[in-house]
$ cat coords36.json   # JSON, C-alpha atoms
[["chain", "number", "residue", "atom", "x", "y", "z"],
["A", 1, "MET", "CA", 2.01, -14.67, 27.75],
["A", 2, "VAL", "CA", 3.11, -16.58, 24.67],
["A", 3, "HIS", "CA", 3.37, -20.31, 25.05],
["A", 4, "TRP", "CA", 6.53, -21.94, 23.71],
["A", 5, "SER", "CA", 6.78, -25.68, 23.49],
["A", 6, "ALA", "CA", 10.04, -27.31, 24.51],
["A", 7, "GLU", "CA", 10.64, -28.17, 20.87],
["A", 8, "GLU", "CA", 10.13, -24.58, 19.73],
["A", 9, "LYS", "CA", 12.54, -23.30, 22.36],
["A", 10, "GLN", "CA", 15.09, -25.89, 21.33],
["A", 11, "LEU", "CA", 14.75, -25.03, 17.63],
["A", 12, "ILE", "CA", 15.11, -21.33, 18.32],
["A", 13, "ASN", "CA", 18.11, -21.71, 20.57],
["A", 14, "SER", "CA", 19.92, -24.21, 18.40],
["A", 15, "ILE", "CA", 19.80, -21.80, 15.47],
["A", 16, "TRP", "CA", 20.55, -18.72, 17.55],
["A", 17, "GLY", "CA", 23.60, -20.39, 19.04],
["A", 18, "LYS", "CA", 25.15, -20.54, 15.58],
["A", 19, "VAL", "CA", 24.20, -17.08, 14.37],
["A", 20, "ASN", "CA", 26.92, -14.53, 13.73],
["A", 21, "VAL", "CA", 24.97, -11.58, 15.06],
["A", 22, "GLU", "CA", 27.09, -8.94, 13.36],
["A", 23, "GLU", "CA", 26.93, -10.57, 9.92],
["A", 24, "CYS", "CA", 23.30, -11.62, 10.05],
["A", 25, "GLY", "CA", 22.19, -8.32, 11.49],
["A", 26, "ALA", "CA", 24.01, -6.35, 8.83],
["A", 27, "GLU", "CA", 22.62, -8.56, 6.12],
["A", 28, "ALA", "CA", 19.05, -8.44, 7.37],
["A", 29, "LEU", "CA", 19.01, -4.66, 7.65],
["A", 30, "ALA", "CA", 20.68, -4.24, 4.25],
["A", 31, "ARG", "CA", 18.10, -6.50, 2.65],
["A", 32, "LEU", "CA", 15.27, -4.55, 4.29],
["A", 33, "LEU", "CA", 16.58, -1.34, 2.73],
["A", 34, "ILE", "CA", 17.10, -3.03, -0.65],
["A", 35, "VAL", "CA", 13.95, -5.13, -0.95],
["A", 36, "TYR", "CA", 11.66, -2.50, 0.61],
["A", 37, "PRO", "CA", 13.37, 0.76, -0.34],
["A", 38, "TRP", "CA", 10.76, 2.94, 1.33],
["A", 39, "THR", "CA", 12.21, 1.81, 4.66],
["A", 40, "GLN", "CA", 15.17, 4.05, 3.86],
["A", 41, "ARG", "CA", 12.99, 6.89, 5.08],
["A", 42, "PHE", "CA", 14.14, 6.12, 8.62],
["A", 43, "PHE", "CA", 17.80, 6.34, 7.76],
["A", 44, "SER", "CA", 18.28, 9.60, 5.93],
["A", 45, "ASN", "CA", 21.45, 10.30, 7.92],
["A", 46, "PHE", "CA", 23.11, 7.04, 6.97],
["A", 47, "GLY", "CA", 24.88, 8.42, 3.93],
["A", 48, "ASN", "CA", 25.05, 6.51, 0.69],
["A", 49, "LEU", "CA", 22.08, 4.19, 0.19],
["A", 50, "SER", "CA", 21.92, 4.66, -3.56],
["A", 51, "SER", "CA", 22.40, 1.05, -4.66],
["A", 52, "PRO", "CA", 22.44, -2.48, -3.24],
["A", 53, "THR", "CA", 26.23, -2.40, -3.30],
["A", 54, "ALA", "CA", 26.31, 0.92, -1.47],
["A", 55, "ILE", "CA", 23.84, -0.30, 1.12],
["A", 56, "ILE", "CA", 25.65, -3.57, 1.74],
["A", 57, "GLY", "CA", 28.98, -1.78, 2.16],
["A", 58, "ASN", "CA", 27.62, 1.09, 4.23],
["A", 59, "PRO", "CA", 29.26, 0.98, 7.70],
["A", 60, "LYS", "CA", 26.29, 2.66, 9.38],
["A", 61, "VAL", "CA", 23.98, 0.01, 8.00],
["A", 62, "ARG", "CA", 26.28, -2.71, 9.27],
["A", 63, "ALA", "CA", 26.56, -1.16, 12.70],
["A", 64, "HIS", "CA", 22.86, -0.59, 13.03],
["A", 65, "GLY", "CA", 22.06, -4.06, 11.77],
["A", 66, "LYS", "CA", 24.29, -5.48, 14.47],
["A", 67, "LYS", "CA", 22.55, -3.35, 17.07],
["A", 68, "VAL", "CA", 19.10, -4.47, 15.95],
["A", 69, "LEU", "CA", 19.95, -8.15, 15.91],
["A", 70, "THR", "CA", 21.74, -7.92, 19.26],
["A", 71, "SER", "CA", 18.52, -6.53, 20.67],
["A", 72, "PHE", "CA", 16.66, -9.40, 19.03],
["A", 73, "GLY", "CA", 18.87, -11.69, 21.08],
["A", 74, "GLU", "CA", 17.17, -10.33, 24.17],
["A", 75, "ALA", "CA", 13.93, -11.87, 22.95],
["A", 76, "VAL", "CA", 15.64, -15.22, 22.51],
["A", 77, "LYS", "CA", 17.00, -14.99, 26.05],
["A", 78, "ASN", "CA", 13.61, -13.98, 27.43],
["A", 79, "LEU", "CA", 11.10, -16.01, 25.45],
["A", 80, "ASP", "CA", 8.74, -16.02, 28.39],
["A", 81, "ASN", "CA", 8.64, -12.27, 28.69],
["A", 82, "ILE", "CA", 9.11, -10.73, 25.28],
["A", 83, "LYS", "CA", 6.43, -8.14, 26.02],
["A", 84, "GLY", "CA", 8.31, -6.83, 29.06],
["A", 85, "THR", "CA", 11.66, -7.03, 27.29],
["A", 86, "TYR", "CA", 10.54, -4.67, 24.52],
["A", 87, "SER", "CA", 8.31, -2.33, 26.47],
["A", 88, "LYS", "CA", 10.78, 0.59, 26.43],
["A", 89, "LEU", "CA", 11.86, -0.07, 22.84],
["A", 90, "SER", "CA", 8.24, -0.06, 21.79],
["A", 91, "GLU", "CA", 7.74, 3.37, 23.29],
["A", 92, "LEU", "CA", 10.92, 4.57, 21.62],
["A", 93, "HIS", "CA", 9.87, 3.33, 18.18],
["A", 94, "CYS", "CA", 6.53, 5.06, 18.56],
["A", 95, "GLU", "CA", 7.39, 8.34, 20.28],
["A", 96, "LYS", "CA", 10.85, 9.14, 19.00],
["A", 97, "LEU", "CA", 11.46, 7.08, 15.89],
["A", 98, "HIS", "CA", 7.92, 7.13, 14.46],
["A", 99, "VAL", "CA", 8.26, 3.75, 12.79],
["A", 100, "ASP", "CA", 5.14, 2.15, 11.31],
["A", 101, "PRO", "CA", 4.95, -1.27, 13.02],
["A", 102, "GLU", "CA", 4.39, -2.93, 9.65],
["A", 103, "ASN", "CA", 8.15, -2.52, 9.22],
["A", 104, "PHE", "CA", 8.81, -4.91, 12.11],
["A", 105, "ARG", "CA", 6.92, -7.59, 10.25],
["A", 106, "LEU", "CA", 8.91, -6.92, 7.08],
["A", 107, "LEU", "CA", 12.21, -7.13, 8.93],
["A", 108, "GLY", "CA", 11.13, -10.31, 10.69],
["A", 109, "ASP", "CA", 10.36, -12.05, 7.41],
["A", 110, "ILE", "CA", 13.66, -10.91, 5.96],
["A", 111, "LEU", "CA", 15.49, -12.28, 8.98],
["A", 112, "VAL", "CA", 13.85, -15.66, 8.38],
["A", 113, "ILE", "CA", 15.04, -15.63, 4.76],
["A", 114, "VAL", "CA", 18.58, -14.69, 5.84],
["A", 115, "LEU", "CA", 18.61, -17.59, 8.31],
["A", 116, "ALA", "CA", 17.32, -19.93, 5.60],
["A", 117, "SER", "CA", 20.12, -18.89, 3.25],
["A", 118, "HIS", "CA", 22.75, -19.40, 5.97],
["A", 119, "PHE", "CA", 21.50, -22.67, 7.40],
["A", 120, "GLY", "CA", 20.15, -24.37, 4.28],
["A", 121, "ARG", "CA", 18.50, -27.69, 4.96],
["A", 122, "ASP", "CA", 19.08, -27.31, 8.69],
["A", 123, "PHE", "CA", 16.46, -24.60, 8.57],
["A", 124, "THR", "CA", 13.69, -27.16, 8.49],
["A", 125, "PRO", "CA", 9.97, -26.41, 8.18],
["A", 126, "ALA", "CA", 9.68, -26.90, 11.94],
["A", 127, "CYS", "CA", 12.49, -24.41, 12.44],
["A", 128, "GLN", "CA", 10.78, -21.96, 10.14],
["A", 129, "PHE", "CA", 7.56, -22.32, 12.11],
["A", 130, "ALA", "CA", 9.30, -21.52, 15.39],
["A", 131, "TRP", "CA", 11.14, -18.57, 13.90],
["A", 132, "GLN", "CA", 8.12, -17.12, 12.08],
["A", 133, "LYS", "CA", 6.33, -17.35, 15.41],
["A", 134, "LEU", "CA", 9.20, -15.61, 17.20],
["A", 135, "VAL", "CA", 9.52, -12.75, 14.72],
["A", 136, "GLY", "CA", 5.76, -12.31, 14.89],
["A", 137, "VAL", "CA", 5.82, -12.12, 18.68],
["A", 138, "VAL", "CA", 8.70, -9.63, 18.61],
["A", 139, "ALA", "CA", 6.90, -7.47, 16.06],
["A", 140, "HIS", "CA", 3.77, -7.55, 18.20],
["A", 141, "ALA", "CA", 5.69, -6.63, 21.34],
["A", 142, "LEU", "CA", 7.36, -3.71, 19.59],
["A", 143, "ALA", "CA", 3.98, -2.41, 18.45],
["A", 144, "ARG", "CA", 2.31, -2.92, 21.78],
["A", 145, "ARG", "CA", 3.06, 0.47, 23.37],
["A", 146, "TYR", "CA", 2.03, 2.51, 20.36],
["A", 147, "HIS", "CA", -0.50, 5.20, 20.98],
["B", 148, "MET", "CA", 6.51, -2.64, -11.36],
["B", 149, "LEU", "CA", 9.14, -5.06, -12.58],
["B", 150, "THR", "CA", 12.15, -3.42, -14.19],
["B", 151, "ALA", "CA", 14.05, -5.06, -17.04],
["B", 152, "GLU", "CA", 16.73, -5.98, -14.52],
["B", 153, "ASP", "CA", 14.17, -7.57, -12.17],
["B", 154, "LYS", "CA", 12.80, -9.66, -15.03],
["B", 155, "LYS", "CA", 16.28, -10.85, -15.91],
["B", 156, "LEU", "CA", 17.01, -11.82, -12.31],
["B", 157, "VAL", "CA", 13.72, -13.67, -11.91],
["B", 158, "GLN", "CA", 14.37, -15.62, -15.10],
["B", 159, "GLN", "CA", 17.89, -16.37, -13.89],
["B", 160, "VAL", "CA", 16.82, -17.70, -10.54],
["B", 161, "TRP", "CA", 14.02, -19.73, -12.12],
["B", 162, "GLU", "CA", 16.62, -21.29, -14.43],
["B", 163, "LYS", "CA", 18.57, -22.36, -11.36],
["B", 164, "VAL", "CA", 15.66, -24.40, -10.03],
["B", 165, "SER", "CA", 14.47, -25.71, -13.36],
["B", 166, "GLY", "CA", 15.67, -29.20, -12.59],
["B", 167, "HIS", "CA", 13.94, -29.40, -9.21],
["B", 168, "GLN", "CA", 10.66, -27.68, -9.82],
["B", 169, "GLU", "CA", 8.57, -30.42, -8.31],
["B", 170, "ASP", "CA", 10.65, -30.41, -5.14],
["B", 171, "VAL", "CA", 10.45, -26.64, -4.87],
["B", 172, "GLY", "CA", 6.68, -26.75, -5.21],
["B", 173, "ALA", "CA", 6.18, -29.49, -2.64],
["B", 174, "GLU", "CA", 8.57, -27.93, -0.17],
["B", 175, "THR", "CA", 7.01, -24.49, -0.52],
["B", 176, "LEU", "CA", 3.59, -25.88, 0.28],
["B", 177, "GLU", "CA", 4.87, -28.01, 3.15],
["B", 178, "ARG", "CA", 6.57, -25.03, 4.71],
["B", 179, "MET", "CA", 3.46, -22.94, 4.23],
["B", 180, "PHE", "CA", 1.27, -25.50, 5.99],
["B", 181, "ALA", "CA", 3.86, -25.91, 8.76],
["B", 182, "ALA", "CA", 4.62, -22.23, 9.34],
["B", 183, "TYR", "CA", 1.09, -20.92, 8.77],
["B", 184, "PRO", "CA", -1.42, -23.55, 9.83],
["B", 185, "GLN", "CA", -4.30, -21.26, 8.89],
["B", 186, "THR", "CA", -3.50, -21.96, 5.24],
["B", 187, "LYS", "CA", -4.52, -25.56, 5.75],
["B", 188, "THR", "CA", -8.12, -24.40, 5.95],
["B", 189, "TYR", "CA", -8.14, -24.26, 2.16],
["B", 190, "PHE", "CA", -7.22, -27.92, 1.87],
["B", 191, "PRO", "CA", -9.52, -29.89, 4.14],
["B", 192, "HIS", "CA", -9.77, -32.48, 1.40],
["B", 193, "PHE", "CA", -6.01, -33.07, 1.22],
["B", 194, "ASP", "CA", -3.72, -35.46, 3.00],
["B", 195, "LEU", "CA", -1.28, -32.91, 4.39],
["B", 196, "HIS", "CA", 1.31, -35.29, 5.79],
["B", 197, "HIS", "CA", 4.92, -34.80, 4.82],
["B", 198, "GLY", "CA", 5.52, -36.32, 1.41],
["B", 199, "SER", "CA", 1.85, -36.72, 0.52],
["B", 200, "ASP", "CA", 1.10, -37.27, -3.15],
["B", 201, "GLN", "CA", -1.49, -34.53, -3.04],
["B", 202, "ILE", "CA", 1.01, -31.98, -1.79],
["B", 203, "ARG", "CA", 3.49, -33.03, -4.45],
["B", 204, "GLY", "CA", 0.81, -32.86, -7.11],
["B", 205, "HIS", "CA", -0.43, -29.49, -6.04],
["B", 206, "GLY", "CA", 3.06, -28.12, -5.58],
["B", 207, "LYS", "CA", 3.80, -29.14, -9.14],
["B", 208, "LYS", "CA", 0.74, -27.24, -10.36],
["B", 209, "VAL", "CA", 1.69, -24.11, -8.43],
["B", 210, "VAL", "CA", 5.23, -24.12, -9.74],
["B", 211, "ALA", "CA", 4.06, -24.77, -13.30],
["B", 212, "ALA", "CA", 1.82, -21.73, -13.03],
["B", 213, "LEU", "CA", 4.68, -19.64, -11.69],
["B", 214, "SER", "CA", 6.94, -20.92, -14.48],
["B", 215, "ASN", "CA", 4.35, -19.78, -16.96],
["B", 216, "ALA", "CA", 4.30, -16.40, -15.27],
["B", 217, "VAL", "CA", 8.10, -16.21, -15.47],
["B", 218, "LYS", "CA", 7.88, -16.86, -19.23],
["B", 219, "ASN", "CA", 5.33, -14.07, -19.59],
["B", 220, "LEU", "CA", 6.64, -11.32, -17.36],
["B", 221, "ASP", "CA", 5.59, -8.68, -19.87],
["B", 222, "ASN", "CA", 2.01, -9.77, -19.70],
["B", 223, "LEU", "CA", 1.19, -11.34, -16.37],
["B", 224, "SER", "CA", -2.44, -10.29, -16.49],
["B", 225, "GLN", "CA", -3.11, -12.30, -19.60],
["B", 226, "ALA", "CA", -0.90, -15.25, -18.70],
["B", 227, "LEU", "CA", -2.60, -15.67, -15.32],
["B", 228, "SER", "CA", -6.08, -14.73, -16.47],
["B", 229, "GLU", "CA", -7.59, -18.21, -16.07],
["B", 230, "LEU", "CA", -6.05, -18.63, -12.66],
["B", 231, "SER", "CA", -7.23, -15.20, -11.70],
["B", 232, "ASN", "CA", -10.80, -16.24, -12.49],
["B", 233, "LEU", "CA", -10.38, -19.50, -10.62],
["B", 234, "HIS", "CA", -9.11, -17.81, -7.47],
["B", 235, "ALA", "CA", -11.75, -15.10, -7.56],
["B", 236, "TYR", "CA", -14.84, -17.14, -8.27],
["B", 237, "ASN", "CA", -14.13, -20.70, -7.18],
["B", 238, "LEU", "CA", -11.29, -20.89, -4.70],
["B", 239, "ARG", "CA", -11.85, -17.53, -3.05],
["B", 240, "VAL", "CA", -8.62, -17.68, -1.09],
["B", 241, "ASP", "CA", -8.37, -14.60, 1.09],
["B", 242, "PRO", "CA", -6.28, -12.33, -1.12],
["B", 243, "SER", "CA", -4.01, -11.10, 1.63],
["B", 244, "ARG", "CA", -2.95, -14.72, 2.13],
["B", 245, "PHE", "CA", -1.04, -14.74, -1.09],
["B", 246, "SER", "CA", -0.50, -11.06, -1.63],
["B", 247, "SER", "CA", 1.38, -10.51, 1.56],
["B", 248, "GLN", "CA", 3.77, -12.96, 2.79],
["B", 249, "LEU", "CA", 2.57, -16.44, 3.13],
["B", 250, "LEU", "CA", 3.15, -18.23, -0.15],
["B", 251, "SER", "CA", 5.78, -15.74, -1.26],
["B", 252, "GLN", "CA", 7.66, -16.03, 2.03],
["B", 253, "CYS", "CA", 7.72, -19.80, 1.90],
["B", 254, "LEU", "CA", 8.82, -19.89, -1.73],
["B", 255, "GLN", "CA", 11.61, -17.47, -0.91],
["B", 256, "VAL", "CA", 12.70, -19.52, 2.09],
["B", 257, "VAL", "CA", 12.91, -22.58, -0.18],
["B", 258, "LEU", "CA", 14.96, -20.65, -2.73],
["B", 259, "ALA", "CA", 17.22, -19.32, 0.05],
["B", 260, "VAL", "CA", 17.68, -22.82, 1.48],
["B", 261, "HIS", "CA", 18.68, -24.17, -1.93],
["B", 262, "LEU", "CA", 20.72, -21.25, -3.20],
["B", 263, "GLY", "CA", 22.39, -20.03, 0.02],
["B", 264, "LYS", "CA", 24.54, -17.01, -0.76],
["B", 265, "ASP", "CA", 23.34, -17.12, -4.36],
["B", 266, "TYR", "CA", 20.00, -15.86, -3.13],
["B", 267, "THR", "CA", 21.47, -12.39, -3.26],
["B", 268, "PRO", "CA", 19.73, -9.22, -2.05],
["B", 269, "GLU", "CA", 19.13, -8.22, -5.68],
["B", 270, "ILE", "CA", 17.51, -11.55, -6.53],
["B", 271, "HIS", "CA", 15.56, -11.48, -3.26],
["B", 272, "SER", "CA", 14.21, -8.08, -4.23],
["B", 273, "ALA", "CA", 13.25, -9.16, -7.75],
["B", 274, "VAL", "CA", 11.53, -12.33, -6.59],
["B", 275, "ASP", "CA", 9.63, -10.44, -3.88],
["B", 276, "LYS", "CA", 8.41, -7.97, -6.48],
["B", 277, "PHE", "CA", 7.51, -10.77, -8.88],
["B", 278, "MET", "CA", 5.44, -12.59, -6.27],
["B", 279, "SER", "CA", 3.70, -9.31, -5.40],
["B", 280, "ALA", "CA", 2.85, -8.83, -9.05],
["B", 281, "VAL", "CA", 1.51, -12.37, -9.35],
["B", 282, "ALA", "CA", -0.59, -11.90, -6.22],
["B", 283, "ALA", "CA", -1.99, -8.64, -7.51],
["B", 284, "VAL", "CA", -3.10, -10.31, -10.74],
["B", 285, "LEU", "CA", -4.65, -13.25, -8.90],
["B", 286, "ALA", "CA", -6.63, -10.85, -6.73],
["B", 287, "GLU", "CA", -7.67, -8.60, -9.63],
["B", 288, "LYS", "CA", -11.14, -10.01, -10.11],
["B", 289, "TYR", "CA", -12.09, -10.49, -6.49],
["B", 290, "ARG", "CA", -14.49, -7.60, -6.52]]
$ encode --input "coords36.json" --output "structure tokens"
Amino acid sequence: MVHWSAEEKQLINSIWGKVNVEECGAEALARLLIVYPWTQRFFSNFGNLSSPTAIIGNPKVRAHGKKVLTSFGEAVKNLDNIKGTYSKLSELHCEKLHVDPENFRLLGDILVIVLASHFGRDFTPACQFAWQKLVGVVAHALARRYH
Amino acid sequence: MLTAEDKKLVQQVWEKVSGHQEDVGAETLERMFAAYPQTKTYFPHFDLHHGSDQIRGHGKKVVAALSNAVKNLDNLSQALSELSNLHAYNLRVDPSRFSSQLLSQCLQVVLAVHLGKDYTPEIHSAVDKFMSAVAAVLAEKYR
């Protein structure tokens, strides 16, 4: 089980409380597809992904981004059992979606950058530490059931 | 690797921080030491407290090197040749430490903190590619 200090929990929750899940989720997913274009391989049925503008405006990207970040919220609510929280999703990503777990790490880092751009100075080094730890734990949990 | 457009964007964003280069350098290193404590293993001889002169000094060096790289985007290999030797033969920093995320991630977080919405997806992409290119050159002579 991952150990979270009281400070880490507080830093995570104080940021999460102010996150617009729909906006941030859409932005994070869009950036993943823009900055690491090979990740588009998982979204061939999303329609137009031909340019950053197209990706940012794509309604399927927005919707899926919201879905992904909403799911991320489950980790925030269950910091003491992230493994259990993502057990089924891990199986899904392996067996049905066939996603290389490296992509979870990429998305996690992008999420941190999106938070930094939204929160500015409030996204302190201590905040970044807690969030890098969280995205790492989530990525690990999602990869855990791979076989 | 870097398109003409990428080069333009990198130069643009570097312009934006040209007044605060020292701050950017210091903050990048501080965040790296805070978020990834394993990176501290390369600086046992440093005072790593917030605001330390050594962090400021070293941050300044790192940013100056990156500035030089930004001025020489068409020939990174040559521009970073000395540093490449230094990292390969003297410093021997584990190459994945800079090639993947750690320094690049922290620099990008600093840029995102300072630029907010102006750290657009296009700029984000260009900077990420730039840092990858720099890392590749620094690791060139490792073996």
$ residues_near_point --input "coords36.json" --point "(13.5, -7.9, 24.6)" --cutoff "12 Å" --atoms "all atoms listed in the file" --output "MDAnalysis selection string"
chainID A and resid 68:90 134:135 137:142
$ write_last_selection --input "coords36.json" --atoms "C-alpha atoms" --output "mmCIF file, keeping the file's coordinate frame"
data_model
loop_
_atom_site.group_PDB
_atom_site.id
_atom_site.type_symbol
_atom_site.label_atom_id
_atom_site.label_comp_id
_atom_site.auth_asym_id
_atom_site.auth_seq_id
_atom_site.Cartn_x
_atom_site.Cartn_y
_atom_site.Cartn_z
ATOM 1 C CA VAL A 68 19.100 -4.470 15.950
ATOM 2 C CA LEU A 69 19.950 -8.150 15.910
ATOM 3 C CA THR A 70 21.740 -7.920 19.260
ATOM 4 C CA SER A 71 18.520 -6.530 20.670
ATOM 5 C CA PHE A 72 16.660 -9.400 19.030
ATOM 6 C CA GLY A 73 18.870 -11.690 21.080
ATOM 7 C CA GLU A 74 17.170 -10.330 24.170
ATOM 8 C CA ALA A 75 13.930 -11.870 22.950
ATOM 9 C CA VAL A 76 15.640 -15.220 22.510
ATOM 10 C CA LYS A 77 17.000 -14.990 26.050
ATOM 11 C CA ASN A 78 13.610 -13.980 27.430
ATOM 12 C CA LEU A 79 11.100 -16.010 25.450
ATOM 13 C CA ASP A 80 8.740 -16.020 28.390
ATOM 14 C CA ASN A 81 8.640 -12.270 28.690
ATOM 15 C CA ILE A 82 9.110 -10.730 25.280
ATOM 16 C CA LYS A 83 6.430 -8.140 26.020
ATOM 17 C CA GLY A 84 8.310 -6.830 29.060
ATOM 18 C CA THR A 85 11.660 -7.030 27.290
ATOM 19 C CA TYR A 86 10.540 -4.670 24.520
ATOM 20 C CA SER A 87 8.310 -2.330 26.470
ATOM 21 C CA LYS A 88 10.780 0.590 26.430
ATOM 22 C CA LEU A 89 11.860 -0.070 22.840
ATOM 23 C CA SER A 90 8.240 -0.060 21.790
ATOM 24 C CA LEU A 134 9.200 -15.610 17.200
ATOM 25 C CA VAL A 135 9.520 -12.750 14.720
ATOM 26 C CA VAL A 137 5.820 -12.120 18.680
ATOM 27 C CA VAL A 138 8.700 -9.630 18.610
ATOM 28 C CA ALA A 139 6.900 -7.470 16.060
ATOM 29 C CA HIS A 140 3.770 -7.550 18.200
ATOM 30 C CA ALA A 141 5.690 -6.630 21.340
ATOM 31 C CA LEU A 142 7.360 -3.710 19.590
#
$ residues_around --input "coords36.json" --residues "Glu152 (chain B)" --least-positions-apart "2" --cutoff "12 Å" --atoms "all atoms listed in the file" --output "mmCIF file with C-alpha atoms, in the frame of the given file"
data_model
loop_
_atom_site.group_PDB
_atom_site.id
_atom_site.type_symbol
_atom_site.label_atom_id
_atom_site.label_comp_id
_atom_site.auth_asym_id
_atom_site.auth_seq_id
_atom_site.Cartn_x
_atom_site.Cartn_y
_atom_site.Cartn_z
ATOM 1 C CA MET B 148 6.510 -2.640 -11.360
ATOM 2 C CA LEU B 149 9.140 -5.060 -12.580
ATOM 3 C CA THR B 150 12.150 -3.420 -14.190
ATOM 4 C CA LYS B 154 12.800 -9.660 -15.030
ATOM 5 C CA LYS B 155 16.280 -10.850 -15.910
ATOM 6 C CA LEU B 156 17.010 -11.820 -12.310
ATOM 7 C CA VAL B 157 13.720 -13.670 -11.910
ATOM 8 C CA GLN B 158 14.370 -15.620 -15.100
ATOM 9 C CA GLN B 159 17.890 -16.370 -13.890
ATOM 10 C CA LEU B 220 6.640 -11.320 -17.360
ATOM 11 C CA GLU B 269 19.130 -8.220 -5.680
ATOM 12 C CA ILE B 270 17.510 -11.550 -6.530
ATOM 13 C CA SER B 272 14.210 -8.080 -4.230
ATOM 14 C CA ALA B 273 13.250 -9.160 -7.750
ATOM 15 C CA VAL B 274 11.530 -12.330 -6.590
ATOM 16 C CA LYS B 276 8.410 -7.970 -6.480
ATOM 17 C CA PHE B 277 7.510 -10.770 -8.880
#
$ interface_residues --input "coords36.json" --of "chain A" --to "chain B" --cutoff "10 Å" --atoms "all atoms listed in the file" --output "ChimeraX atom specification"
/A:27-28,30-37,51-53,56,105-106,109-110,112-133
$ axis_aligned_box --input "coords36.json" --around "region 108-122 of chain A" --padding-each-side "8 Å" --output "lines of an AutoDock Vina configuration file"
center_x = 16.6
center_y = -19.0
center_z = 7.0
size_x = 28.4
size_y = 33.4
size_z = 23.4
$ atom_distance --input "coords36.json" --atom1 "CA of Ala211 (chain B)" --atom2 "CA of Phe190 (chain B)"
19.2 Å
$ residues_around --input "coords36.json" --residues "Val240 (chain B)" --least-positions-apart "4" --cutoff "10 Å" --atoms "all atoms listed in the file" --output "ChimeraX atom specification"
/B:186,188-189,233-236,244-245,285-286,289
$ closest_residue --input "coords36.json" --among "B:Leu176, B:Asn215, B:Met278, B:Val210" --to "Gly198 (chain B)" --atoms "all atoms listed in the file"
B:Leu176
$ atom_distance --input "coords36.json" --atom1 "CA of Ala280 (chain B)" --atom2 "CA of Val160 (chain B)"
16.6 Å
$ atom_distance --input "coords36.json" --atom1 "CA of Ser44 (chain A)" --atom2 "CA of Val99 (chain A)"
13.5 Å
$ closest_residue --input "coords36.json" --among "B:Ala173, B:Ala283, B:Leu223, B:Val217" --to "Ser199 (chain B)" --atoms "only C-alpha atoms"
B:Ala173
$ residues_near_point --input "coords36.json" --point "(26.3, -0.9, 13.4)" --cutoff "12 Å" --atoms "all atoms listed in the file" --output "compact mmCIF listing (two decimals) with C-alpha atoms, in the coordinates of the input"
# COMPACT_ATOMS: atom_id res chain seq x y z
CA VAL A 21 24.97 -11.58 15.06
CA GLU A 22 27.09 -8.94 13.36
CA GLU A 23 26.93 -10.57 9.92
CA CYS A 24 23.30 -11.62 10.05
CA GLY A 25 22.19 -8.32 11.49
CA ALA A 26 24.01 -6.35 8.83
CA GLU A 27 22.62 -8.56 6.12
CA LEU A 29 19.01 -4.66 7.65
CA ALA A 30 20.68 -4.24 4.25
CA PHE A 46 23.11 7.04 6.97
CA ILE A 56 25.65 -3.57 1.74
CA GLY A 57 28.98 -1.78 2.16
CA ASN A 58 27.62 1.09 4.23
CA PRO A 59 29.26 0.98 7.70
CA LYS A 60 26.29 2.66 9.38
CA VAL A 61 23.98 0.01 8.00
CA ARG A 62 26.28 -2.71 9.27
CA ALA A 63 26.56 -1.16 12.70
CA HIS A 64 22.86 -0.59 13.03
CA GLY A 65 22.06 -4.06 11.77
CA LYS A 66 24.29 -5.48 14.47
CA LYS A 67 22.55 -3.35 17.07
CA VAL A 68 19.10 -4.47 15.95
CA LEU A 69 19.95 -8.15 15.91
CA THR A 70 21.74 -7.92 19.26
$ closest_residue --input "coords36.json" --among "B:Ser214, B:Glu162, B:Asp241, B:Glu287" --to "Gln185 (chain B)" --atoms "only C-alpha atoms"
B:Asp241
$ decode --input "coords36.json" --residues "region 210-237 of chain B" --atoms "C-alpha atoms" --output "short mmCIF file (atom, residue, chain, number, x, y, z; two decimals), in the first residue's frame"
data_model
loop_
_atom_site.label_atom_id
_atom_site.label_comp_id
_atom_site.auth_asym_id
_atom_site.auth_seq_id
_atom_site.Cartn_x
_atom_site.Cartn_y
_atom_site.Cartn_z
CA VAL B 210 19.91 27.58 -18.65
CA ALA B 211 22.91 29.19 -20.35
CA ALA B 212 23.67 25.86 -21.99
CA LEU B 213 20.07 25.50 -23.11
CA SER B 214 20.11 29.08 -24.43
CA ASN B 215 23.15 28.19 -26.46
CA ALA B 216 21.31 25.16 -27.78
CA VAL B 217 18.33 27.34 -28.71
CA LYS B 218 20.67 29.60 -30.70
CA ASN B 219 22.08 26.59 -32.52
CA LEU B 220 19.05 24.45 -33.26
CA ASP B 221 20.44 23.53 -36.66
CA ASN B 222 23.53 22.05 -35.14
CA LEU B 223 22.89 20.79 -31.64
CA SER B 224 25.55 18.11 -31.86
CA GLN B 225 28.31 20.62 -32.35
CA ALA B 226 26.93 23.26 -29.99
CA LEU B 227 26.63 20.75 -27.14
CA SER B 228 29.75 18.77 -27.99
CA GLU B 229 31.75 19.86 -24.94
CA LEU B 230 28.85 19.20 -22.62
CA SER B 231 28.29 15.88 -24.27
CA ASN B 232 31.86 14.88 -23.42
CA LEU B 233 31.49 16.17 -19.89
CA HIS B 234 28.32 14.18 -19.24
CA ALA B 235 29.69 11.02 -20.81
CA TYR B 236 33.12 10.88 -19.26
CA ASN B 237 33.03 12.93 -16.08
#
